[in-house]
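What follows is the content of run24.pdb, which has PDB, C-alpha atoms:
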```
ATOM      1  CA  VAL Z1338      14.543  13.941 -11.568  1.00  0.00           C
ATOM      2  CA  ALA Z1339      13.637  11.284 -14.144  1.00  0.00           C
ATOM      3  CA  LEU Z1340      14.477   8.550 -11.655  1.00  0.00           C
ATOM      4  CA  ARG Z1341      12.433  10.223  -8.916  1.00  0.00           C
ATOM      5  CA  ASN Z1342       9.446  10.499 -11.250  1.00  0.00           C
ATOM      6  CA  GLU Z1343       9.662   6.833 -12.201  1.00  0.00           C
ATOM      7  CA  VAL Z1344       9.975   5.766  -8.560  1.00  0.00           C
ATOM      8  CA  SER Z1345       6.969   7.939  -7.661  1.00  0.00           C
ATOM      9  CA  ASN Z1346       5.086   6.308 -10.517  1.00  0.00           C
ATOM     10  CA  LEU Z1347       5.944   2.884  -9.089  1.00  0.00           C
ATOM     11  CA  PHE Z1348       4.626   3.995  -5.700  1.00  0.00           C
ATOM     12  CA  VAL Z1349       1.294   5.004  -7.255  1.00  0.00           C
ATOM     13  CA  LYS Z1350       1.089   1.771  -9.257  1.00  0.00           C
ATOM     14  CA  THR Z1351       1.624  -0.210  -6.068  1.00  0.00           C
ATOM     15  CA  MET Z1352      -1.093   1.742  -4.274  1.00  0.00           C
ATOM     16  CA  LYS Z1353      -3.581   1.026  -7.073  1.00  0.00           C
ATOM     17  CA  PHE Z1354      -2.474  -2.612  -7.143  1.00  0.00           C
ATOM     18  CA  GLY Z1355      -3.169  -2.906  -3.420  1.00  0.00           C
ATOM     19  CA  LEU Z1356      -6.616  -1.354  -3.743  1.00  0.00           C
ATOM     20  CA  LEU Z1357      -7.575  -3.675  -6.603  1.00  0.00           C
ATOM     21  CA  LEU Z1358      -6.379  -6.684  -4.610  1.00  0.00           C
ATOM     22  CA  ALA Z1359      -8.643  -5.536  -1.767  1.00  0.00           C
ATOM     23  CA  ASN Z1360     -11.568  -5.259  -4.202  1.00  0.00           C
ATOM     24  CA  ILE Z1361     -11.633  -1.448  -4.040  1.00  0.00           C
ATOM     25  CA  LYS Z1362     -11.774   0.676  -7.194  1.00  0.00           C
ATOM     26  CA  PRO Z1363      -8.683   2.938  -7.134  1.00  0.00           C
ATOM     27  CA  ASN Z1364     -10.590   5.925  -8.562  1.00  0.00           C
ATOM     28  CA  ASP Z1365     -12.788   5.914  -5.464  1.00  0.00           C
ATOM     29  CA  ILE Z1366      -9.680   6.794  -3.451  1.00  0.00           C
ATOM     30  CA  PHE Z1367      -7.614   8.822  -5.917  1.00  0.00           C
ATOM     31  CA  ASN Z1368     -10.412  10.908  -7.444  1.00  0.00           C
ATOM     32  CA  LYS Z1369     -13.205  10.954  -4.887  1.00  0.00           C
ATOM     33  CA  ASN Z1370     -11.018  10.693  -1.778  1.00  0.00           C
ATOM     34  CA  ARG Z1371     -14.045   9.929   0.379  1.00  0.00           C
ATOM     35  CA  ASP Z1372     -14.258   8.391   3.822  1.00  0.00           C
ATOM     36  CA  ALA Z1373     -12.575   4.980   4.026  1.00  0.00           C
ATOM     37  CA  LYS Z1374     -15.563   3.133   5.482  1.00  0.00           C
ATOM     38  CA  ALA Z1375     -17.936   4.697   2.953  1.00  0.00           C
ATOM     39  CA  THR Z1376     -15.588   3.647   0.159  1.00  0.00           C
ATOM     40  CA  VAL Z1377     -15.488   0.057   1.401  1.00  0.00           C
ATOM     41  CA  ALA Z1378     -19.265  -0.015   1.832  1.00  0.00           C
ATOM     42  CA  GLN Z1379     -19.665   0.941  -1.820  1.00  0.00           C
ATOM     43  CA  ASN Z1380     -17.076  -1.587  -3.006  1.00  0.00           C
ATOM     44  CA  GLN Z1381     -18.570  -4.964  -2.163  1.00  0.00           C
ATOM     45  CA  SER Z1382     -18.088  -6.669  -5.521  1.00  0.00           C
ATOM     46  CA  ARG Z1383     -15.097  -8.868  -6.290  1.00  0.00           C
ATOM     47  CA  ILE Z1384     -12.611  -7.318  -8.732  1.00  0.00           C
ATOM     48  CA  ASP Z1385     -11.056  -9.879 -11.052  1.00  0.00           C
ATOM     49  CA  PHE Z1386      -7.815  -8.962 -12.802  1.00  0.00           C
ATOM     50  CA  ASP Z1387      -4.531 -10.647 -13.637  1.00  0.00           C
ATOM     51  CA  HIS Z1388      -2.827  -9.737 -10.370  1.00  0.00           C
ATOM     52  CA  GLN Z1389       0.156 -11.979 -11.095  1.00  0.00           C
ATOM     53  CA  LYS Z1390       0.872 -10.174 -14.380  1.00  0.00           C
ATOM     54  CA  THR Z1391       0.437  -6.789 -12.702  1.00  0.00           C
ATOM     55  CA  TYR Z1392       2.908  -7.809 -10.019  1.00  0.00           C
ATOM     56  CA  GLU Z1393       5.377  -8.957 -12.674  1.00  0.00           C
ATOM     57  CA  ASN Z1394       5.085  -5.514 -14.300  1.00  0.00           C
ATOM     58  CA  ILE Z1395       5.918  -3.919 -10.949  1.00  0.00           C
ATOM     59  CA  LYS Z1396       8.940  -6.220 -10.616  1.00  0.00           C
ATOM     60  CA  GLU Z1397      10.054  -5.255 -14.117  1.00  0.00           C
ATOM     61  CA  ILE Z1398      10.007  -1.585 -13.138  1.00  0.00           C
ATOM     62  CA  GLU Z1399      12.188  -2.484 -10.149  1.00  0.00           C
ATOM     63  CA  ILE Z1400      14.690  -4.319 -12.372  1.00  0.00           C
ATOM     64  CA  ASN Z1401      14.875  -1.455 -14.872  1.00  0.00           C
ATOM     65  CA  THR Z1402      15.264   1.092 -12.089  1.00  0.00           C
ATOM     66  CA  VAL Z1403      18.151  -0.790 -10.499  1.00  0.00           C
ATOM     67  CA  ALA Z1404      19.844  -1.048 -13.911  1.00  0.00           C
ATOM     68  CA  PHE Z1405      19.462   2.703 -14.401  1.00  0.00           C
ATOM     69  CA  VAL Z1406      20.838   3.395 -10.915  1.00  0.00           C
ATOM     70  CA  ASN Z1407      23.872   1.231 -11.652  1.00  0.00           C
ATOM     71  CA  ARG Z1408      24.622   3.426 -14.660  1.00  0.00           C
ATOM     72  CA  LEU Z1409      24.177   6.554 -12.566  1.00  0.00           C
ATOM     73  CA  ASN Z1410      26.561   5.244  -9.947  1.00  0.00           C
ATOM     74  CA  GLU Z1411      29.286   5.056 -12.602  1.00  0.00           C
ATOM     75  CA  GLN Z1412      29.161   8.855 -12.805  1.00  0.00           C
ATOM     76  CA  ASN Z1413      31.016  11.273 -10.580  1.00  0.00           C
ATOM     77  CA  LEU Z1414      28.214  11.870  -8.077  1.00  0.00           C
ATOM     78  CA  THR Z1415      28.209  14.264  -5.151  1.00  0.00           C
ATOM     79  CA  PRO Z1416      27.493  12.875  -1.659  1.00  0.00           C
ATOM     80  CA  GLU Z1417      24.069  14.542  -1.810  1.00  0.00           C
ATOM     81  CA  GLN Z1418      23.258  12.852  -5.117  1.00  0.00           C
ATOM     82  CA  SER Z1419      24.378   9.474  -3.799  1.00  0.00           C
ATOM     83  CA  GLN Z1420      22.200   9.928  -0.732  1.00  0.00           C
ATOM     84  CA  SER Z1421      19.211  10.827  -2.911  1.00  0.00           C
ATOM     85  CA  ILE Z1422      19.759   7.709  -5.018  1.00  0.00           C
ATOM     86  CA  ASP Z1423      19.838   5.595  -1.851  1.00  0.00           C
ATOM     87  CA  THR Z1424      16.514   7.142  -0.807  1.00  0.00           C
ATOM     88  CA  LEU Z1425      15.023   6.374  -4.215  1.00  0.00           C
ATOM     89  CA  LEU Z1426      16.212   2.767  -4.120  1.00  0.00           C
ATOM     90  CA  MET Z1427      14.787   2.370  -0.622  1.00  0.00           C
ATOM     91  CA  SER Z1428      11.426   3.553  -1.917  1.00  0.00           C
ATOM     92  CA  VAL Z1429      11.554   1.038  -4.775  1.00  0.00           C
ATOM     93  CA  ARG Z1430      12.325  -1.826  -2.400  1.00  0.00           C
ATOM     94  CA  GLU Z1431       9.528  -0.830  -0.026  1.00  0.00           C
ATOM     95  CA  SER Z1432       6.968  -0.482  -2.821  1.00  0.00           C
ATOM     96  CA  VAL Z1433       7.822  -3.858  -4.342  1.00  0.00           C
ATOM     97  CA  TYR Z1434       7.833  -5.523  -0.927  1.00  0.00           C
ATOM     98  CA  ALA Z1435       4.361  -4.095  -0.259  1.00  0.00           C
ATOM     99  CA  ALA Z1436       3.184  -5.390  -3.636  1.00  0.00           C
ATOM    100  CA  LYS Z1437       4.469  -8.891  -2.844  1.00  0.00           C
ATOM    101  CA  LEU Z1438       2.802  -8.975   0.563  1.00  0.00           C
ATOM    102  CA  LEU Z1439      -0.526  -7.998  -0.960  1.00  0.00           C
ATOM    103  CA  LYS Z1440      -0.193 -10.322  -3.976  1.00  0.00           C
ATOM    104  CA  ASP Z1441       0.257 -13.293  -1.686  1.00  0.00           C
ATOM    105  CA  ILE Z1442      -3.073 -12.769   0.123  1.00  0.00           C
ATOM    106  CA  LYS Z1443      -5.285 -12.310  -2.952  1.00  0.00           C
ATOM    107  CA  GLU Z1444      -6.815 -15.777  -2.704  1.00  0.00           C
ATOM    108  CA  ASP Z1445      -7.656 -15.290   0.978  1.00  0.00           C
ATOM    109  CA  ILE Z1446      -9.174 -11.873   0.236  1.00  0.00           C
ATOM    110  CA  ASN Z1447     -11.419 -13.370  -2.434  1.00  0.00           C
ATOM    111  CA  GLU Z1448     -12.433 -16.187  -0.118  1.00  0.00           C
ATOM    112  CA  PHE Z1449     -13.406 -13.756   2.657  1.00  0.00           C
ATOM    113  CA  SER Z1450     -15.395 -11.632   0.208  1.00  0.00           C
ATOM    114  CA  GLN Z1451     -17.622 -14.594  -0.608  1.00  0.00           C
ATOM    115  CA  SER Z1452     -18.072 -15.870   2.936  1.00  0.00           C
ATOM    116  CA  SER Z1453     -21.591 -16.437   4.250  1.00  0.00           C
ATOM    117  CA  ASN Z1454     -20.388 -15.746   7.798  1.00  0.00           C
ATOM    118  CA  LEU Z1455     -21.286 -12.175   8.808  1.00  0.00           C
ATOM    119  CA  SER Z1456     -18.495 -12.028  11.414  1.00  0.00           C
ATOM    120  CA  ILE Z1457     -15.877 -12.918   8.814  1.00  0.00           C
ATOM    121  CA  LEU Z1458     -17.339 -10.364   6.394  1.00  0.00           C
ATOM    122  CA  LYS Z1459     -17.195  -7.693   9.119  1.00  0.00           C
ATOM    123  CA  VAL Z1460     -13.496  -8.299   9.811  1.00  0.00           C
ATOM    124  CA  TYR Z1461     -12.804  -8.503   6.065  1.00  0.00           C
ATOM    125  CA  ASP Z1462     -14.354  -5.051   5.599  1.00  0.00           C
ATOM    126  CA  GLU Z1463     -12.449  -3.652   8.586  1.00  0.00           C
ATOM    127  CA  ILE Z1464      -9.158  -4.855   7.098  1.00  0.00           C
ATOM    128  CA  ARG Z1465     -10.067  -3.249   3.767  1.00  0.00           C
ATOM    129  CA  SER Z1466     -11.198  -0.078   5.526  1.00  0.00           C
ATOM    130  CA  ASN Z1467      -7.828   0.235   7.253  1.00  0.00           C
ATOM    131  CA  LEU Z1468      -6.082  -0.191   3.911  1.00  0.00           C
ATOM    132  CA  ALA Z1469      -8.309   2.446   2.295  1.00  0.00           C
ATOM    133  CA  TYR Z1470      -7.732   4.785   5.254  1.00  0.00           C
ATOM    134  CA  ALA Z1471      -3.953   4.570   4.808  1.00  0.00           C
ATOM    135  CA  MET Z1472      -4.235   5.043   1.040  1.00  0.00           C
ATOM    136  CA  ILE Z1473      -6.169   8.275   1.609  1.00  0.00           C
ATOM    137  CA  ILE Z1474      -3.281   9.466   3.797  1.00  0.00           C
ATOM    138  CA  PHE Z1475      -0.783   8.671   1.049  1.00  0.00           C
ATOM    139  CA  VAL Z1476      -2.863  10.485  -1.583  1.00  0.00           C
ATOM    140  CA  ASN Z1477      -3.084  13.629   0.562  1.00  0.00           C
ATOM    141  CA  TYR Z1478       0.664  13.512   1.171  1.00  0.00           C
ATOM    142  CA  MET Z1479       1.388  12.899  -2.502  1.00  0.00           C
ATOM    143  CA  GLU Z1480      -0.750  15.903  -3.481  1.00  0.00           C
ATOM    144  CA  GLU Z1481       0.949  17.970  -0.743  1.00  0.00           C
ATOM    145  CA  LYS Z1482      -2.358  18.637   0.995  1.00  0.00           C
ATOM    146  CA  TRP Z1483      -1.048  17.244   4.280  1.00  0.00           C
ATOM    147  CA  PRO Z1484       2.504  17.678   5.646  1.00  0.00           C
ATOM    148  CA  LEU Z1485       4.492  14.628   6.702  1.00  0.00           C
ATOM    149  CA  ASP Z1486       3.886  15.239  10.419  1.00  0.00           C
ATOM    150  CA  LYS Z1487       0.122  15.162   9.915  1.00  0.00           C
ATOM    151  CA  CYS Z1488       0.362  12.023   7.792  1.00  0.00           C
ATOM    152  CA  LEU Z1489       2.460  10.240  10.419  1.00  0.00           C
ATOM    153  CA  GLN Z1490      -0.003  11.235  13.134  1.00  0.00           C
ATOM    154  CA  LYS Z1491      -2.919   9.919  11.106  1.00  0.00           C
ATOM    155  CA  PHE Z1492      -0.999   6.780  10.204  1.00  0.00           C
ATOM    156  CA  SER Z1493      -0.694   6.007  13.908  1.00  0.00           C
ATOM    157  CA  ASN Z1494      -4.486   5.578  13.831  1.00  0.00           C
ATOM    158  CA  ALA Z1495      -3.996   2.801  11.276  1.00  0.00           C
ATOM    159  CA  GLU Z1496      -1.771   1.070  13.815  1.00  0.00           C
ATOM    160  CA  GLU Z1497      -4.518   1.350  16.453  1.00  0.00           C
ATOM    161  CA  ARG Z1498      -7.044  -0.026  13.970  1.00  0.00           C
ATOM    162  CA  ASN Z1499      -4.703  -2.914  13.254  1.00  0.00           C
ATOM    163  CA  VAL Z1500      -4.594  -3.793  16.959  1.00  0.00           C
ATOM    164  CA  ASN Z1501      -8.391  -3.596  17.240  1.00  0.00           C
ATOM    165  CA  ILE Z1502      -8.810  -5.866  14.209  1.00  0.00           C
ATOM    166  CA  LEU Z1503      -6.374  -8.319  15.807  1.00  0.00           C
ATOM    167  CA  ARG Z1504      -8.408  -8.415  19.027  1.00  0.00           C
ATOM    168  CA  GLU Z1505     -11.715  -8.769  17.233  1.00  0.00           C
ATOM    169  CA  THR Z1506     -10.383 -11.563  15.041  1.00  0.00           C
ATOM    170  CA  MET Z1507      -8.983 -13.449  18.031  1.00  0.00           C
ATOM    171  CA  SER Z1508     -12.427 -13.417  19.652  1.00  0.00           C
ATOM    172  CA  LEU Z1509     -14.138 -15.015  16.650  1.00  0.00           C
ATOM    173  CA  ALA Z1510     -13.154 -18.572  17.536  1.00  0.00           C
ATOM    174  CA  SER Z1511     -14.497 -18.370  21.098  1.00  0.00           C
ATOM    175  CA  LYS Z1512     -17.470 -16.007  20.748  1.00  0.00           C
ATOM    176  CA  GLU Z1513     -18.622 -16.606  17.176  1.00  0.00           C
ATOM    177  CA  HIS Z1514     -17.411 -20.213  16.827  1.00  0.00           C
ATOM    178  CA  VAL Z1515     -15.571 -19.421  13.607  1.00  0.00           C
ATOM    179  CA  ASN Z1516     -13.302 -22.196  12.358  1.00  0.00           C
ATOM    180  CA  GLU Z1517      -9.729 -21.740  13.658  1.00  0.00           C
ATOM    181  CA  ILE Z1518      -8.356 -22.070  10.134  1.00  0.00           C
ATOM    182  CA  ARG Z1519     -10.418 -19.065   9.034  1.00  0.00           C
ATOM    183  CA  VAL Z1520      -9.322 -17.121  12.104  1.00  0.00           C
ATOM    184  CA  VAL Z1521      -5.649 -17.770  11.311  1.00  0.00           C
ATOM    185  CA  SER Z1522      -6.210 -16.743   7.680  1.00  0.00           C
ATOM    186  CA  LEU Z1523      -7.807 -13.474   8.821  1.00  0.00           C
ATOM    187  CA  LEU Z1524      -4.943 -12.811  11.232  1.00  0.00           C
ATOM    188  CA  ASN Z1525      -2.317 -13.462   8.554  1.00  0.00           C
ATOM    189  CA  THR Z1526      -4.162 -11.316   6.028  1.00  0.00           C
ATOM    190  CA  ASN Z1527      -4.453  -8.424   8.460  1.00  0.00           C
ATOM    191  CA  ARG Z1528      -0.769  -8.741   9.329  1.00  0.00           C
ATOM    192  CA  SER Z1529       0.253  -8.727   5.655  1.00  0.00           C
ATOM    193  CA  VAL Z1530      -1.928  -5.714   4.906  1.00  0.00           C
ATOM    194  CA  TYR Z1531      -0.530  -3.717   7.807  1.00  0.00           C
ATOM    195  CA  MET Z1532       3.074  -4.636   6.950  1.00  0.00           C
ATOM    196  CA  ALA Z1533       2.395  -3.547   3.365  1.00  0.00           C
ATOM    197  CA  LEU Z1534       1.007  -0.235   4.608  1.00  0.00           C
ATOM    198  CA  GLN Z1535       4.120   0.316   6.723  1.00  0.00           C
ATOM    199  CA  SER Z1536       6.280  -0.294   3.659  1.00  0.00           C
ATOM    200  CA  LEU Z1537       4.203   2.124   1.586  1.00  0.00           C
ATOM    201  CA  MET Z1538       4.494   4.739   4.319  1.00  0.00           C
ATOM    202  CA  ALA Z1539       8.282   4.442   4.030  1.00  0.00           C
ATOM    203  CA  ALA Z1540       8.121   4.452   0.220  1.00  0.00           C
ATOM    204  CA  SER Z1541       5.926   7.572   0.144  1.00  0.00           C
ATOM    205  CA  LYS Z1542       8.718   9.832   1.384  1.00  0.00           C
ATOM    206  CA  VAL Z1543      10.247   9.828  -2.095  1.00  0.00           C
ATOM    207  CA  VAL Z1544       7.221  11.637  -3.531  1.00  0.00           C
ATOM    208  CA  ASN Z1545       8.289  15.029  -2.217  1.00  0.00           C
ATOM    209  CA  LEU Z1546      12.000  14.561  -2.861  1.00  0.00           C
ATOM    210  CA  HIS Z1547      13.171  17.604  -4.822  1.00  0.00           C
ATOM    211  CA  PHE Z1548      16.479  18.439  -6.470  1.00  0.00           C
ATOM    212  CA  PRO Z1549      18.433  21.661  -7.169  1.00  0.00           C
ATOM    213  CA  LEU Z1550      17.938  21.088 -10.903  1.00  0.00           C
ATOM    214  CA  GLU Z1551      14.207  21.685 -10.510  1.00  0.00           C
ATOM    215  CA  GLU Z1552      14.742  24.809  -8.413  1.00  0.00           C
ATOM    216  CA  GLU Z1553      17.090  26.214 -11.053  1.00  0.00           C
ATOM    217  CA  ALA Z1554      14.469  25.584 -13.749  1.00  0.00           C
ATOM    218  CA  ILE Z1555      11.968  27.691 -11.807  1.00  0.00           C
TER     219      ILE Z1555
END
```
Taking this structure as input, can you express it in the form of structure tokens?
Amino acid sequence: VALRNEVSNLFVKTMKFGLLLANIKPNDIFNKNRDAKATVAQNQSRIDFDHQKTYENIKEIEINTVAFVNRLNEQNLTPEQSQSIDTLLMSVRESVYAAKLLKDIKEDINEFSQSSNLSILKVYDEIRSNLAYAMIIFVNYMEEKWPLDKCLQKFSNAEERNVNILRETMSLASKEHVNEIRVVSLLNTNRSVYMALQSLMAASKVVNLHFPLEEEAI
């Protein structure tokens, strides 16, 4: 139970980290839980924070968690307990992988946010809107407002949005005469964001992982 709680905490930290990297205030998603596009529209300022240090803190949680799991594995575990530990470790790996993907595009995100090109700004906001949309799904799942099936169905919309962003970005070079270097940066950023969201979707399944110990306590 303690391990599950710490892994869930890592998942939430990674979500907030991703929102900050995308220049979105986490409270606007976690507390207000408003529409994704409205959230992005109201978050147009650049958020400066030590993202490298925050990422290192996330990595430290991963290291400590693996060390704790190694000690657990020295015990006489049941097959069910071993399977649960594997699920928890998978969640840790997915969360940290998502954090790395997002950390690596921070400079590009900041550059897009300050662009004078309206087409680039539009795609930048669409990428952030897709991220915010997925985060709202995760929050509703975490708070058990939406069942997994509903979350997966809604997450498929994020995949459709990703494809639409890809198409729109590809058209910038020909229709809007945007520099090819900027187009490639937008494509790579969108790809990293969507891959991070896929990892967080996988990591989120640990949130509702329950154990007999908790049922006995009730």
Just give me the gap between CA of Arg1408 (chain Z) and CA of Arg1430 (chain Z) in Å, one decimal is fine.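 Taking CA of Arg1408 (chain Z) and CA of Arg1430 (chain Z), their separation equals 18.1 Å.
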Smallest atom-to-atom distance to Val1500 (chain Z): which of Z:Glu1480, Z:Asp1486, Z:Asp1445, Z:Glu1463, using all atoms listed in the file?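 So, comparing all the options, the nearest one is Z:Glu1463.
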Selection near Ile1395 (chain Z), 10 Å with all atoms listed in the file, sequence-local residues under 4 positions removed, as an MDAnalysis selection string: chainID Z and resid 1347:1348 1350:1351 1354 1389:1391 1399:1400 1429 1432:1433 1436:1437
Please determine the residues with any atom at most 12 Å from (-21.6, 0.5, -1.7) (coordinates as given in the file, with all atoms listed in the file counting) and report them as a list in words.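 Checking each residue against the 12 Å limit leaves Asn1360, Ile1361, Lys1362, Asp1365, Ala1373, Lys1374, Ala1375, Thr1376, Val1377, Ala1378, Gln1379, Asn1380, Gln1381, Ser1382 and Asp1462 of chain Z.
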To verify the selection step, state as number ranges by chain which residues the PyMOL selection byres ((chain Z and resi 1508-1523) around 9) yields on this input. Z: 1445-1446, 1449, 1454, 1456-1457, 1460-1461, 1464, 1503-1507, 1524-1528
Protein, DNA and RNA residues within 10 Å of (-10.1, -11.4, -1.6), all atoms listed in the file, as a PyMOL selection string: chain Z and resi 1357-1360+1383-1385+1442-1451+1461+1465+1526
Just C-alpha atoms for this one: save the residues we selected as a short mmCIF file (atom, residue, chain, number, x, y, z; two decimals), keeping the file's coordinate frame.
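In the end it all went to result.cif:
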```
data_model
loop_
_atom_site.label_atom_id
_atom_site.label_comp_id
_atom_site.auth_asym_id
_atom_site.auth_seq_id
_atom_site.Cartn_x
_atom_site.Cartn_y
_atom_site.Cartn_z
CA LEU Z 1357 -7.58 -3.68 -6.60
CA LEU Z 1358 -6.38 -6.68 -4.61
CA ALA Z 1359 -8.64 -5.54 -1.77
CA ASN Z 1360 -11.57 -5.26 -4.20
CA ARG Z 1383 -15.10 -8.87 -6.29
CA ILE Z 1384 -12.61 -7.32 -8.73
CA ASP Z 1385 -11.06 -9.88 -11.05
CA ILE Z 1442 -3.07 -12.77 0.12
CA LYS Z 1443 -5.28 -12.31 -2.95
CA GLU Z 1444 -6.82 -15.78 -2.70
CA ASP Z 1445 -7.66 -15.29 0.98
CA ILE Z 1446 -9.17 -11.87 0.24
CA ASN Z 1447 -11.42 -13.37 -2.43
CA GLU Z 1448 -12.43 -16.19 -0.12
CA PHE Z 1449 -13.41 -13.76 2.66
CA SER Z 1450 -15.40 -11.63 0.21
CA GLN Z 1451 -17.62 -14.59 -0.61
CA TYR Z 1461 -12.80 -8.50 6.06
CA ARG Z 1465 -10.07 -3.25 3.77
CA THR Z 1526 -4.16 -11.32 6.03
#
```
One decimal, Å: what's the distance from CA of Met1427 (chain Z) over to CA of Glu1481 (chain Z), could you say?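 That distance, rounded to one decimal, is 20.9 Å.
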What is the CA of Lys1542 (chain Z)-CA of Glu1431 (chain Z) distance in Å, reported with one decimal?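 Separation of CA of Lys1542 (chain Z) and CA of Glu1431 (chain Z): 10.8 Å.
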May I ask which of the residues Z:Arg1371, Z:His1547, Z:Lys1353, Z:Lys1440 is the closest one to Glu1393 (chain Z), counting only C-alpha atoms?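 Of Z:Arg1371, Z:His1547, Z:Lys1353, Z:Lys1440, the one nearest Glu1393 (chain Z) is Z:Lys1440, counting only C-alpha atoms.
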Write out as a count of residues only the residues lying within 12 Å of Asn1401 (chain Z), counting all atoms listed in the file and excluding same-chain residues fewer than 2 positions away. 18
First collect every listed atom of region 1451-1470 of chain Z; then fit an axis-aligned box around them, widen it by 5 Å on each side, and give centre and edge lengths in Å to one decimal, as AutoDock Vina command-line options.
```
--center_x -13.8 --center_y -5.8 --center_z 5.4 --size_x 25.5 --size_y 31.2 --size_z 22.0
```
Apply the PyMOL selection byres ((chain Z and resi 1367) around 10) to the file shown and report the selected residues as number ranges by chain. Z: 1349, 1352-1353, 1362-1366, 1368-1371, 1472-1473, 1475-1477
Selection file, C-alpha atoms, as a CSV table (one decimal), in the frame of the given file:
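Saved file selection.csv follows:
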```
chain,number,residue,atom,x,y,z
Z,1349,VAL,CA,1.3,5.0,-7.3
Z,1352,MET,CA,-1.1,1.7,-4.3
Z,1353,LYS,CA,-3.6,1.0,-7.1
Z,1362,LYS,CA,-11.8,0.7,-7.2
Z,1363,PRO,CA,-8.7,2.9,-7.1
Z,1364,ASN,CA,-10.6,5.9,-8.6
Z,1365,ASP,CA,-12.8,5.9,-5.5
Z,1366,ILE,CA,-9.7,6.8,-3.5
Z,1368,ASN,CA,-10.4,10.9,-7.4
Z,1369,LYS,CA,-13.2,11.0,-4.9
Z,1370,ASN,CA,-11.0,10.7,-1.8
Z,1371,ARG,CA,-14.0,9.9,0.4
Z,1472,MET,CA,-4.2,5.0,1.0
Z,1473,ILE,CA,-6.2,8.3,1.6
Z,1475,PHE,CA,-0.8,8.7,1.0
Z,1476,VAL,CA,-2.9,10.5,-1.6
Z,1477,ASN,CA,-3.1,13.6,0.6
```
List the residues matched by the PyMOL selection byres ((chain Z and resi 1546) around 10) in the displayed structure as a ChimeraX atom specification, ordered by chain and then by residue number. /Z:1338,1341-1342,1345,1421,1424-1425,1541-1545,1547-1548
Written selection (C-alpha atoms) as a tab-separated table (two decimals), keeping the file's coordinate frame:
```
chain	number	residue	atom	x	y	z
Z	1338	VAL	CA	14.54	13.94	-11.57
Z	1341	ARG	CA	12.43	10.22	-8.92
Z	1342	ASN	CA	9.45	10.50	-11.25
Z	1345	SER	CA	6.97	7.94	-7.66
Z	1421	SER	CA	19.21	10.83	-2.91
Z	1424	THR	CA	16.51	7.14	-0.81
Z	1425	LEU	CA	15.02	6.37	-4.22
Z	1541	SER	CA	5.93	7.57	0.14
Z	1542	LYS	CA	8.72	9.83	1.38
Z	1543	VAL	CA	10.25	9.83	-2.10
Z	1544	VAL	CA	7.22	11.64	-3.53
Z	1545	ASN	CA	8.29	15.03	-2.22
Z	1547	HIS	CA	13.17	17.60	-4.82
Z	1548	PHE	CA	16.48	18.44	-6.47
```
Pick from Z:Ala1539, Z:Leu1468, Z:Ile1502, Z:Ala1495 nearest to Gly1355 (chain Z), counting only C-alpha atoms: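 Between Z:Ala1539, Z:Leu1468, Z:Ile1502, Z:Ala1495, the residue approaching Gly1355 (chain Z) most closely is Z:Leu1468.
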Nearest to Ala1540 (chain Z), restricted to only C-alpha atoms and choosing among Z:Leu1458, Z:Ile1474, Z:Ala1435, Z:Leu1409, comes out as Z:Ala1435
